[in-house]
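Source file data.json; content: JSON, C-alpha atoms.
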```
[["chain", "number", "residue", "atom", "x", "y", "z"],
["A", 1, "MET", "CA", 103.20, 124.57, 129.56],
["A", 2, "THR", "CA", 99.81, 123.04, 130.40],
["A", 3, "ASP", "CA", 99.13, 119.30, 130.21],
["A", 4, "SER", "CA", 96.85, 119.82, 127.18],
["A", 5, "GLN", "CA", 99.57, 121.76, 125.34],
["A", 6, "GLN", "CA", 102.12, 119.14, 126.30],
["A", 7, "ASN", "CA", 99.93, 116.30, 125.01],
["A", 8, "LEU", "CA", 99.27, 118.18, 121.76],
["A", 9, "ARG", "CA", 103.00, 118.72, 121.25],
["A", 10, "LEU", "CA", 103.74, 115.06, 121.89],
["A", 11, "THR", "CA", 100.94, 113.88, 119.61],
["A", 12, "ALA", "CA", 102.05, 116.11, 116.74],
["A", 13, "ARG", "CA", 105.65, 114.95, 117.18],
["A", 14, "VAL", "CA", 107.01, 117.00, 114.26],
["A", 15, "GLY", "CA", 109.79, 119.13, 115.67],
["A", 16, "TYR", "CA", 109.23, 117.61, 119.10],
["A", 17, "GLU", "CA", 112.14, 117.87, 121.53],
["A", 18, "PRO", "CA", 112.08, 115.99, 124.85],
["A", 19, "TYR", "CA", 112.12, 118.37, 127.80],
["A", 20, "PHE", "CA", 111.62, 118.39, 131.56],
["A", 21, "SER", "CA", 108.33, 119.66, 132.94],
["A", 22, "TRP", "CA", 107.42, 120.25, 136.57],
["A", 23, "SER", "CA", 104.20, 118.38, 135.78],
["A", 24, "TYR", "CA", 106.28, 115.18, 135.85],
["A", 25, "LEU", "CA", 106.20, 115.46, 139.65],
["A", 26, "LYS", "CA", 102.42, 115.03, 139.74],
["A", 27, "PRO", "CA", 101.01, 111.87, 141.42],
["A", 28, "LYS", "CA", 100.12, 110.28, 138.06],
["A", 29, "TYR", "CA", 103.86, 109.90, 137.38],
["A", 30, "TRP", "CA", 104.84, 108.54, 140.80],
["A", 31, "GLY", "CA", 104.65, 104.93, 139.62],
["A", 32, "ILE", "CA", 107.19, 105.68, 136.89],
["A", 33, "TRP", "CA", 109.51, 107.41, 139.34],
["A", 34, "LEU", "CA", 109.26, 104.39, 141.65],
["A", 35, "GLY", "CA", 110.23, 102.09, 138.79],
["A", 36, "ILE", "CA", 113.18, 104.35, 137.95],
["A", 37, "PHE", "CA", 114.35, 104.22, 141.57],
["A", 38, "PHE", "CA", 114.20, 100.40, 141.43],
["A", 39, "LEU", "CA", 116.24, 100.30, 138.20],
["A", 40, "LEU", "CA", 118.85, 102.64, 139.69],
["A", 41, "LEU", "CA", 119.24, 100.31, 142.65],
["A", 42, "LEU", "CA", 119.73, 97.39, 140.28],
["A", 43, "ALA", "CA", 122.50, 99.35, 138.54],
["A", 44, "PHE", "CA", 124.76, 98.53, 141.49],
["A", 45, "VAL", "CA", 123.75, 94.88, 141.94],
["A", 46, "PRO", "CA", 126.33, 92.37, 140.59],
["A", 47, "PHE", "CA", 125.20, 91.34, 137.11],
["A", 48, "ARG", "CA", 125.31, 87.59, 137.85],
["A", 49, "VAL", "CA", 122.80, 87.99, 140.66],
["A", 50, "ARG", "CA", 120.64, 90.39, 138.69],
["A", 51, "ASP", "CA", 120.68, 88.28, 135.52],
["A", 52, "LYS", "CA", 119.77, 85.08, 137.35],
["A", 53, "VAL", "CA", 116.66, 86.65, 138.87],
["A", 54, "ALA", "CA", 115.78, 88.46, 135.64],
["A", 55, "ALA", "CA", 115.98, 85.30, 133.52],
["A", 56, "LYS", "CA", 113.51, 83.42, 135.72],
["A", 57, "LEU", "CA", 111.18, 86.38, 135.86],
["A", 58, "GLY", "CA", 111.45, 86.93, 132.12],
["A", 59, "ILE", "CA", 110.47, 83.36, 131.26],
["A", 60, "TRP", "CA", 107.48, 83.62, 133.60],
["A", 61, "ILE", "CA", 106.41, 86.93, 132.05],
["A", 62, "GLY", "CA", 106.82, 85.37, 128.61],
["A", 63, "TYR", "CA", 103.91, 83.05, 129.32],
["A", 64, "LYS", "CA", 101.77, 85.87, 130.69],
["A", 65, "ALA", "CA", 102.44, 88.14, 127.69],
["A", 66, "ARG", "CA", 100.21, 86.10, 125.40],
["A", 67, "LYS", "CA", 99.92, 88.65, 122.61],
["A", 68, "GLN", "CA", 103.68, 89.12, 122.33],
["A", 69, "ARG", "CA", 104.34, 85.39, 122.61],
["A", 70, "LYS", "CA", 101.83, 84.69, 119.86],
["A", 71, "ARG", "CA", 103.61, 87.12, 117.54],
["A", 72, "ALA", "CA", 106.93, 85.43, 118.22],
["A", 73, "GLN", "CA", 105.40, 82.01, 117.55],
["A", 74, "ILE", "CA", 103.97, 83.19, 114.23],
["A", 75, "ASN", "CA", 107.23, 84.82, 113.14],
["A", 76, "LEU", "CA", 109.33, 81.77, 114.00],
["A", 77, "THR", "CA", 106.85, 79.39, 112.35],
["A", 78, "TYR", "CA", 107.12, 81.27, 109.05],
["A", 79, "CYS", "CA", 110.84, 82.04, 109.26],
["A", 80, "PHE", "CA", 111.91, 78.57, 110.41],
["A", 81, "PRO", "CA", 109.31, 76.14, 109.02],
["A", 82, "ASP", "CA", 111.63, 73.17, 109.56],
["A", 83, "TRP", "CA", 111.89, 73.74, 113.30],
["A", 84, "THR", "CA", 109.82, 71.72, 115.72],
["A", 85, "GLU", "CA", 107.41, 73.45, 118.06],
["A", 86, "ARG", "CA", 109.74, 72.64, 120.93],
["A", 87, "GLN", "CA", 112.64, 74.41, 119.20],
["A", 88, "ARG", "CA", 110.55, 77.51, 118.71],
["A", 89, "GLU", "CA", 109.34, 77.54, 122.30],
["A", 90, "GLU", "CA", 112.89, 77.16, 123.62],
["A", 91, "VAL", "CA", 114.03, 80.16, 121.58],
["A", 92, "ILE", "CA", 111.07, 82.20, 122.82],
["A", 93, "ASP", "CA", 111.82, 81.32, 126.45],
["A", 94, "LYS", "CA", 115.45, 82.33, 125.99],
["A", 95, "MET", "CA", 114.33, 85.52, 124.28],
["A", 96, "PHE", "CA", 112.12, 86.58, 127.19],
["A", 97, "ALA", "CA", 114.94, 85.80, 129.62],
["A", 98, "ILE", "CA", 117.20, 88.17, 127.65],
["A", 99, "VAL", "CA", 114.46, 90.80, 127.53],
["A", 100, "ALA", "CA", 114.33, 90.88, 131.34],
["A", 101, "GLN", "CA", 118.10, 90.84, 131.72],
["A", 102, "VAL", "CA", 118.47, 93.81, 129.40],
["A", 103, "MET", "CA", 115.60, 95.70, 131.04],
["A", 104, "PHE", "CA", 117.01, 95.11, 134.53],
["A", 105, "GLY", "CA", 120.29, 96.54, 133.25],
["A", 106, "ILE", "CA", 118.81, 99.85, 132.06],
["A", 107, "GLY", "CA", 119.80, 101.65, 135.25],
["A", 108, "GLU", "CA", 123.39, 100.54, 134.81],
["A", 109, "ILE", "CA", 123.46, 101.91, 131.26],
["A", 110, "ALA", "CA", 121.86, 105.14, 132.48],
["A", 111, "VAL", "CA", 124.17, 106.06, 135.37],
["A", 112, "ARG", "CA", 127.37, 104.00, 135.47],
["A", 113, "SER", "CA", 130.66, 105.46, 134.23],
["A", 114, "LYS", "CA", 132.24, 105.21, 130.79],
["A", 115, "ALA", "CA", 134.96, 102.95, 132.15],
["A", 116, "HIS", "CA", 132.41, 100.63, 133.73],
["A", 117, "LEU", "CA", 130.32, 100.35, 130.58],
["A", 118, "GLN", "CA", 133.42, 99.71, 128.48],
["A", 119, "ARG", "CA", 134.38, 96.83, 130.77],
["A", 120, "ARG", "CA", 130.90, 95.42, 130.21],
["A", 121, "SER", "CA", 131.22, 95.43, 126.42],
["A", 122, "GLU", "CA", 133.07, 93.62, 123.66],
["A", 123, "PHE", "CA", 133.51, 94.42, 119.98],
["A", 124, "ILE", "CA", 133.83, 91.74, 117.32],
["A", 125, "GLY", "CA", 135.02, 93.29, 114.06],
["A", 126, "ILE", "CA", 135.57, 96.87, 115.27],
["A", 127, "GLU", "CA", 138.36, 97.13, 112.67],
["A", 128, "HIS", "CA", 135.72, 97.54, 109.96],
["A", 129, "ILE", "CA", 134.54, 100.81, 111.54],
["A", 130, "ARG", "CA", 138.09, 102.03, 112.13],
["A", 131, "LYS", "CA", 139.06, 101.26, 108.55],
["A", 132, "ALA", "CA", 136.10, 103.23, 107.19],
["A", 133, "ARG", "CA", 136.80, 106.20, 109.44],
["A", 134, "GLU", "CA", 140.50, 106.24, 108.57],
["A", 135, "ALA", "CA", 139.50, 106.32, 104.90],
["A", 136, "GLY", "CA", 137.40, 109.41, 105.58],
["A", 137, "HIS", "CA", 134.01, 107.78, 105.01],
["A", 138, "ASN", "CA", 130.80, 108.72, 106.72],
["A", 139, "ILE", "CA", 129.19, 105.64, 108.27],
["A", 140, "ILE", "CA", 125.69, 104.26, 108.59],
["A", 141, "LEU", "CA", 125.51, 101.30, 110.94],
["A", 142, "MET", "CA", 122.77, 98.92, 109.84],
["A", 143, "VAL", "CA", 121.57, 97.49, 113.16],
["A", 144, "PRO", "CA", 118.81, 94.84, 113.25],
["A", 145, "HIS", "CA", 116.45, 94.82, 116.22],
["A", 146, "GLY", "CA", 118.34, 92.99, 118.92],
["A", 147, "TRP", "CA", 117.22, 93.44, 122.52],
["A", 148, "ALA", "CA", 120.53, 95.11, 123.42],
["A", 149, "ILE", "CA", 120.21, 97.69, 120.66],
["A", 150, "ASP", "CA", 119.93, 100.76, 122.90],
["A", 151, "ALA", "CA", 122.60, 99.69, 125.37],
["A", 152, "SER", "CA", 125.04, 98.93, 122.55],
["A", 153, "GLY", "CA", 124.47, 102.32, 120.94],
["A", 154, "ILE", "CA", 125.12, 104.12, 124.21],
["A", 155, "ILE", "CA", 128.28, 102.08, 124.79],
["A", 156, "LEU", "CA", 129.55, 102.99, 121.32],
["A", 157, "HIS", "CA", 129.26, 106.63, 122.36],
["A", 158, "THR", "CA", 131.69, 106.00, 125.23],
["A", 159, "HIS", "CA", 134.36, 105.04, 122.67],
["A", 160, "GLY", "CA", 134.17, 108.43, 120.97],
["A", 161, "MET", "CA", 131.70, 107.30, 118.31],
["A", 162, "PRO", "CA", 128.68, 109.59, 118.70],
["A", 163, "MET", "CA", 125.71, 108.48, 116.70],
["A", 164, "THR", "CA", 122.47, 109.77, 115.33],
["A", 165, "SER", "CA", 119.33, 107.71, 115.05],
["A", 166, "MET", "CA", 115.62, 107.91, 114.31],
["A", 167, "TYR", "CA", 113.07, 106.86, 116.90],
["A", 168, "ASN", "CA", 109.37, 106.95, 117.69],
["A", 169, "PRO", "CA", 108.87, 109.17, 120.76],
["A", 170, "HIS", "CA", 107.18, 107.39, 123.67],
["A", 171, "ARG", "CA", 103.58, 108.43, 124.29],
["A", 172, "ASN", "CA", 104.37, 109.02, 127.94],
["A", 173, "PRO", "CA", 106.30, 112.33, 127.99],
["A", 174, "LEU", "CA", 108.22, 111.51, 131.19],
["A", 175, "VAL", "CA", 109.45, 108.18, 129.82],
["A", 176, "ASP", "CA", 110.30, 109.85, 126.51],
["A", 177, "TRP", "CA", 112.32, 112.61, 128.20],
["A", 178, "LEU", "CA", 114.22, 110.24, 130.47],
["A", 179, "TRP", "CA", 115.06, 107.62, 127.86],
["A", 180, "THR", "CA", 116.13, 110.18, 125.27],
["A", 181, "MET", "CA", 118.46, 111.80, 127.83],
["A", 182, "VAL", "CA", 119.97, 108.37, 128.54],
["A", 183, "ARG", "CA", 120.44, 107.65, 124.83],
["A", 184, "GLN", "CA", 122.22, 110.99, 124.37],
["A", 185, "ARG", "CA", 124.22, 111.05, 127.61],
["A", 186, "PHE", "CA", 127.59, 110.51, 125.88],
["A", 187, "GLY", "CA", 126.80, 112.40, 122.69],
["A", 188, "GLY", "CA", 124.83, 111.81, 119.53],
["A", 189, "LYS", "CA", 121.37, 112.94, 118.58],
["A", 190, "MET", "CA", 117.95, 111.30, 118.41],
["A", 191, "HIS", "CA", 115.59, 112.42, 115.65],
["A", 192, "ALA", "CA", 111.84, 111.78, 115.82],
["A", 193, "ARG", "CA", 110.93, 109.51, 112.91],
["A", 194, "GLN", "CA", 107.93, 111.71, 112.20],
["A", 195, "ASN", "CA", 110.32, 114.51, 111.17],
["A", 196, "GLY", "CA", 111.44, 112.47, 108.17],
["A", 197, "ILE", "CA", 114.86, 111.17, 107.23],
["A", 198, "LYS", "CA", 116.49, 114.50, 106.28],
["A", 199, "PRO", "CA", 117.69, 115.48, 109.82],
["A", 200, "PHE", "CA", 119.17, 111.99, 110.24],
["A", 201, "LEU", "CA", 121.11, 112.16, 106.96],
["A", 202, "THR", "CA", 122.31, 115.69, 107.73],
["A", 203, "SER", "CA", 123.83, 114.47, 111.00],
["A", 204, "VAL", "CA", 125.55, 111.59, 109.17],
["A", 205, "ARG", "CA", 127.03, 114.00, 106.61],
["A", 206, "GLN", "CA", 128.35, 116.07, 109.52],
["A", 207, "GLY", "CA", 130.33, 113.08, 110.78],
["A", 208, "GLU", "CA", 128.09, 111.31, 113.27],
["A", 209, "MET", "CA", 127.55, 107.61, 112.67],
["A", 210, "GLY", "CA", 124.03, 106.76, 111.62],
["A", 211, "TYR", "CA", 122.29, 104.08, 113.69],
["A", 212, "TYR", "CA", 119.76, 102.67, 111.24],
["A", 213, "LEU", "CA", 117.20, 100.01, 112.16],
["A", 214, "PRO", "CA", 116.28, 98.19, 108.92],
["A", 215, "ASP", "CA", 113.78, 95.50, 109.74],
["A", 216, "GLU", "CA", 110.41, 97.04, 110.60],
["A", 217, "ASP", "CA", 107.48, 96.55, 108.22],
["A", 218, "PHE", "CA", 106.37, 99.91, 106.77],
["A", 219, "GLY", "CA", 103.81, 98.52, 104.35],
["A", 220, "ALA", "CA", 103.70, 97.58, 100.68],
["A", 221, "GLU", "CA", 103.83, 101.12, 99.28],
["A", 222, "GLN", "CA", 107.25, 101.85, 100.76],
["A", 223, "SER", "CA", 108.66, 98.34, 100.42],
["A", 224, "VAL", "CA", 109.59, 95.51, 98.11],
["A", 225, "PHE", "CA", 108.92, 91.84, 98.81],
["A", 226, "VAL", "CA", 112.13, 89.84, 99.17],
["A", 227, "ASP", "CA", 113.18, 86.62, 100.88],
["A", 228, "PHE", "CA", 113.58, 86.63, 104.64],
["A", 229, "PHE", "CA", 114.67, 83.33, 106.24],
["A", 230, "GLY", "CA", 112.09, 80.71, 105.19],
["A", 231, "THR", "CA", 109.49, 83.21, 104.02],
["A", 232, "TYR", "CA", 109.40, 86.71, 102.49],
["A", 233, "LYS", "CA", 109.10, 90.16, 104.00],
["A", 234, "ALA", "CA", 108.09, 93.68, 103.00],
["A", 235, "THR", "CA", 111.52, 95.31, 103.15],
["A", 236, "LEU", "CA", 112.58, 98.93, 102.71],
["A", 237, "PRO", "CA", 114.66, 99.17, 99.51],
["A", 238, "GLY", "CA", 116.30, 102.57, 99.96],
["A", 239, "LEU", "CA", 119.48, 101.76, 101.87],
["A", 240, "ASN", "CA", 121.69, 102.33, 98.84],
["A", 241, "LYS", "CA", 120.04, 105.70, 98.09],
["A", 242, "MET", "CA", 120.34, 106.69, 101.75],
["A", 243, "ALA", "CA", 124.07, 105.89, 101.72],
["A", 244, "LYS", "CA", 124.60, 108.00, 98.59],
["A", 245, "LEU", "CA", 122.75, 110.99, 100.04],
["A", 246, "ALA", "CA", 124.80, 110.79, 103.24],
["A", 247, "LYS", "CA", 128.03, 110.03, 101.35],
["A", 248, "ALA", "CA", 128.41, 107.04, 103.64],
["A", 249, "VAL", "CA", 129.32, 103.39, 103.67],
["A", 250, "VAL", "CA", 126.90, 100.95, 105.31],
["A", 251, "ILE", "CA", 128.36, 98.68, 107.97],
["A", 252, "PRO", "CA", 126.17, 95.92, 109.48],
["A", 253, "MET", "CA", 126.25, 95.48, 113.26],
["A", 254, "PHE", "CA", 124.26, 93.24, 115.59],
["A", 255, "PRO", "CA", 124.02, 93.81, 119.35],
["A", 256, "ARG", "CA", 123.75, 90.91, 121.78],
["A", 257, "TYR", "CA", 123.67, 90.51, 125.54],
["A", 258, "ASN", "CA", 125.79, 87.57, 126.71],
["A", 259, "ALA", "CA", 124.63, 86.63, 130.20],
["A", 260, "LYS", "CA", 127.44, 84.08, 130.57],
["A", 261, "ASN", "CA", 130.12, 86.74, 130.71],
["A", 262, "GLY", "CA", 127.87, 89.71, 131.43],
["A", 263, "LYS", "CA", 128.90, 91.62, 128.33],
["A", 264, "TYR", "CA", 127.14, 93.54, 125.61],
["A", 265, "GLU", "CA", 128.60, 92.14, 122.42],
["A", 266, "MET", "CA", 128.61, 94.07, 119.16],
["A", 267, "GLU", "CA", 129.38, 91.96, 116.10],
["A", 268, "ILE", "CA", 130.41, 94.10, 113.14],
["A", 269, "HIS", "CA", 130.66, 92.97, 109.52],
["A", 270, "PRO", "CA", 132.56, 94.56, 106.60],
["A", 271, "ALA", "CA", 130.93, 97.41, 104.69],
["A", 272, "MET", "CA", 128.14, 96.24, 102.40],
["A", 273, "MET", "CA", 128.25, 96.24, 98.61],
["A", 274, "LEU", "CA", 124.82, 97.61, 97.72],
["A", 275, "SER", "CA", 123.09, 97.41, 94.37],
["A", 276, "ASP", "CA", 121.19, 100.24, 92.69],
["A", 277, "GLU", "CA", 118.38, 97.74, 92.08],
["A", 278, "PRO", "CA", 115.85, 98.01, 94.95],
["A", 279, "GLU", "CA", 115.16, 94.28, 95.23],
["A", 280, "LYS", "CA", 118.85, 93.36, 95.30],
["A", 281, "SER", "CA", 119.63, 96.07, 97.83],
["A", 282, "ALA", "CA", 116.76, 94.95, 100.08],
["A", 283, "ARG", "CA", 117.76, 91.31, 99.79],
["A", 284, "SER", "CA", 121.38, 92.14, 100.70],
["A", 285, "MET", "CA", 120.10, 93.80, 103.83],
["A", 286, "ASN", "CA", 117.99, 90.78, 104.79],
["A", 287, "GLU", "CA", 120.93, 88.46, 104.15],
["A", 288, "GLU", "CA", 122.97, 90.39, 106.69],
["A", 289, "ILE", "CA", 120.15, 90.16, 109.21],
["A", 290, "GLU", "CA", 119.88, 86.42, 108.62],
["A", 291, "SER", "CA", 123.62, 85.89, 109.10],
["A", 292, "PHE", "CA", 123.49, 87.64, 112.48],
["A", 293, "VAL", "CA", 120.24, 86.21, 113.80],
["A", 294, "ALA", "CA", 120.88, 82.60, 112.77],
["A", 295, "GLN", "CA", 123.77, 82.47, 115.25],
["A", 296, "ALA", "CA", 121.65, 83.58, 118.21],
["A", 297, "PRO", "CA", 117.94, 83.74, 117.31],
["A", 298, "GLU", "CA", 116.97, 84.38, 120.93],
["A", 299, "GLN", "CA", 118.65, 87.82, 120.73],
["A", 300, "TYR", "CA", 116.25, 89.07, 118.05],
["A", 301, "VAL", "CA", 113.03, 90.99, 118.73],
["A", 302, "TRP", "CA", 110.61, 88.38, 117.42],
["A", 303, "ILE", "CA", 107.61, 90.08, 119.04],
["A", 304, "LEU", "CA", 107.53, 92.73, 116.28],
["A", 305, "GLN", "CA", 104.97, 92.41, 113.49],
["A", 306, "LEU", "CA", 107.79, 91.62, 111.10],
["A", 307, "LEU", "CA", 105.53, 89.92, 108.56],
["A", 308, "ARG", "CA", 102.50, 92.21, 108.81],
["A", 309, "THR", "CA", 102.32, 93.01, 105.09],
["A", 310, "ARG", "CA", 101.55, 89.95, 102.96],
["A", 311, "LYS", "CA", 101.12, 89.73, 99.20],
["A", 312, "ASP", "CA", 97.56, 88.42, 99.53],
["A", 313, "GLY", "CA", 96.56, 90.92, 102.21],
["A", 314, "GLU", "CA", 96.32, 88.28, 104.92],
["A", 315, "ASP", "CA", 96.75, 89.43, 108.53],
["A", 316, "LEU", "CA", 98.92, 86.83, 110.24],
["A", 317, "TYR", "CA", 98.57, 88.45, 113.65],
["A", 318, "ASP", "CA", 94.79, 88.84, 113.75]]
```

Have the structure of the file written as C-alpha cells, please.
Amino acid sequence: MTDSQQNLRLTARVGYEPYFSWSYLKPKYWGIWLGIFFLLLLAFVPFRVRDKVAAKLGIWIGYKARKQRKRAQINLTYCFPDWTERQREEVIDKMFAIVAQVMFGIGEIAVRSKAHLQRRSEFIGIEHIRKAREAGHNIILMVPHGWAIDASGIILHTHGMPMTSMYNPHRNPLVDWLWTMVRQRFGGKMHARQNGIKPFLTSVRQGEMGYYLPDEDFGAEQSVFVDFFGTYKATLPGLNKMAKLAKAVVIPMFPRYNAKNGKYEMEIHPAMMLSDEPEKSARSMNEEIESFVAQAPEQYVWILQLLRTRKDGEDLYD
C-alpha cells in the first residue's frame, strides 16, 4: 500500500484496522522507533527510580506546556471556585508528575508479563464486577478519564476480563498500530469511534466488558446540560439507553497510579441505578465522576476541553 493510500485510509477511519506496513521503517519514523526503544529500556528500570525522575521532569514540562496548563487552570477554576490559586497550581503540578510517571511506564505495560503487571495492580471493589458476572449480566464499565486509563484496561485483561472500547485512531499510523496492539495484547477489541457505537455494543452483548469513557464534550446537540462539580457541563445522556441495548449493567470504575506503592489502582463502585430521564441519567454519571475525582483530583485529565460547550456560546479556552 502506498503512503497516499495509507493516509487516505487513516483519514477516512471508517472500517480502519491498524496494520503493519514496511513503510514504517522509513527515516521519517526513526524518531518514533528511538522513543519506543527508550520506553522499552525503562520497562526494566525499578519503578521507584523511574517515577522519581519522571515526576521532576513532568512538573518541569507542565510549565512548558502552556496551552495544556491553561486548560487545566480554567477547568479547575470553574469546577472548584472555592479553591485558592495555590491549591489549583499544586493539583496541576501533581497531575503533570503523574502524566510523566504513567508515560514512562508505557513500556512496562507493553512488554512485561501478566504476573508482573498483576503484582503492579490493586483492585478496590472488584466484588462488584464478580457479582454482576455471576448473575449473568453483561457489563459496561464507566471509566472517567484518569491518566492510568489505558494501563488499567490492559491489566484488567490479564485477569481474564477482556474488554472492548471505542477510541480515536492516532493520526500517525505507526503510533496507532503500536498502541492498538498493546491495548489488545491480552484480548479485547478496540473500535474506531468513527464507526459508530454499534460494533462496541455488539461486543458487549457477546460477553466482553465495555470500557466506556463518559466525560468528553461532544457538543450541545448530543448532550444535556447538568451540574458538574461547581459548574455545569454538556454531558452525554444516553448511558441508560446504551445499557439496555447491550443488556448490560453499568459499573463505575476509576483508574489511578499510586507512585507511593508503585501500583495501578482501580476503584470500582456498585452498579448504577440509571433513570430513563436523560438529565437524571447524565447527572448520575457526573455524580460518579465527582465522587472518584474529589478523592484524588490530580489523577484526572484536566487538560481536556471538558467545558467547551457553554449555554451562552462562550469559548472558555480561546

Skip A:Ile154 itself and residues of its chain fewer than 2 positions away, then list as a list in words all residues within 10 Å of it, counting all atoms listed in the file.
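In the requested format, the answer is Ile109, Ala110, Lys114, Leu117, Ile149, Asp150, Ala151, Ser152, Leu156, His157, Thr158, His159, Met161, Pro162, Met163, Val182, Arg183, Gln184, Arg185, Phe186, Gly187 and Gly188 of chain A.
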
Quick one: of A:Ile197, A:Leu42, A:Cys79, A:Ile59, who's nearest to A:Trp302, counting all atoms listed in the file?
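Between A:Ile197, A:Leu42, A:Cys79, A:Ile59, the residue approaching A:Trp302 most closely is A:Cys79.
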
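Pairwise distance (atom CA of A:Phe20, atom CA of A:Lys189) equals 17.1 Å.
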
Taking (105.1, 82.5, 100.3) in the file's own coordinates, collect the residues within 9 Å, counting all atoms listed in the file, and hand them back as a PyMOL selection string.
chain A and resi 230-232+310-311

Residue among A:Glu288, A:Glu122, A:Asp93, A:Glu216 lying closest to A:Tyr167, counting all atoms listed in the file
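So, comparing all the options, the nearest one is A:Glu216.
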
Which of these, A:Tyr257, A:Trp33, A:Tyr212, A:Tyr63, has the shortest distance to A:Val175 once you count only C-alpha atoms?
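Going through A:Tyr257, A:Trp33, A:Tyr212, A:Tyr63 one by one, the smallest distance to A:Val175 is for A:Trp33.
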
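Pairwise distance (atom CA of A:Ile139, atom CA of A:Gly107) equals 28.8 Å.
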
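Excluding A:Val102 itself and any same-chain residue fewer than 2 positions from it, the protein and nucleic acid residues within 9 Å of it, counting all atoms listed in the file, are Asp51, Ala54, Ala97, Ile98, Val99, Ala100, Phe104, Gly105, Ile106, Trp147, Ala148, Ala151 and Tyr257 of chain A.
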
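Going from atom CA of A:Asn261 to atom CA of A:Glu89 covers 24.2 Å.
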
Long-range neighbours of A:Gln87 as a count of residues only, 12 Å cut-off, all atoms listed in the file, 3 positions minimum in chain
15

Box along x, y and z, 3 Å on every side, all listed atoms of stretch 276-284 of chain A inside: centre and edge lengths in Å to one decimal, as JSON.
```
{"center_x": 118.3, "center_y": 95.8, "center_z": 96.4, "size_x": 12.2, "size_y": 14.9, "size_z": 14.6}
```

Smallest atom-to-atom distance to A:Tyr264: which of A:Lys131, A:His137, A:Arg283, A:Arg120, using only C-alpha atoms?
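Result for the nearest residue to A:Tyr264: A:Arg120.
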
Minimum-distance residue to A:Met266, chosen among A:Ser121, A:Gln299, A:Gln222, A:Ser281 (using only C-alpha atoms):
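Smallest separation from A:Met266 among the options: A:Ser121.
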
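Closest approach to A:Ile129 from the set A:Pro252, A:Asn286, A:Lys67, A:Ser275 is made by A:Pro252, with distances taken over all atoms listed in the file.
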
Can you pull out every residue within 12 Å of A:Gln206, counting all atoms listed in the file, but drop anything in the same chain fewer than 2 positions away, and send it as JSON, numbers by chain?
{"A": [136, 137, 138, 139, 162, 163, 164, 188, 189, 199, 200, 201, 202, 203, 204, 208, 209, 210, 246, 247, 248]}

Excluding A:Trp177 and its own-chain neighbours fewer than 6 positions away, which residues fall within 10 Å of it when counting only C-alpha atoms? Please give them as a VMD selection string.
chain A and resid 17 to 21 169 to 170
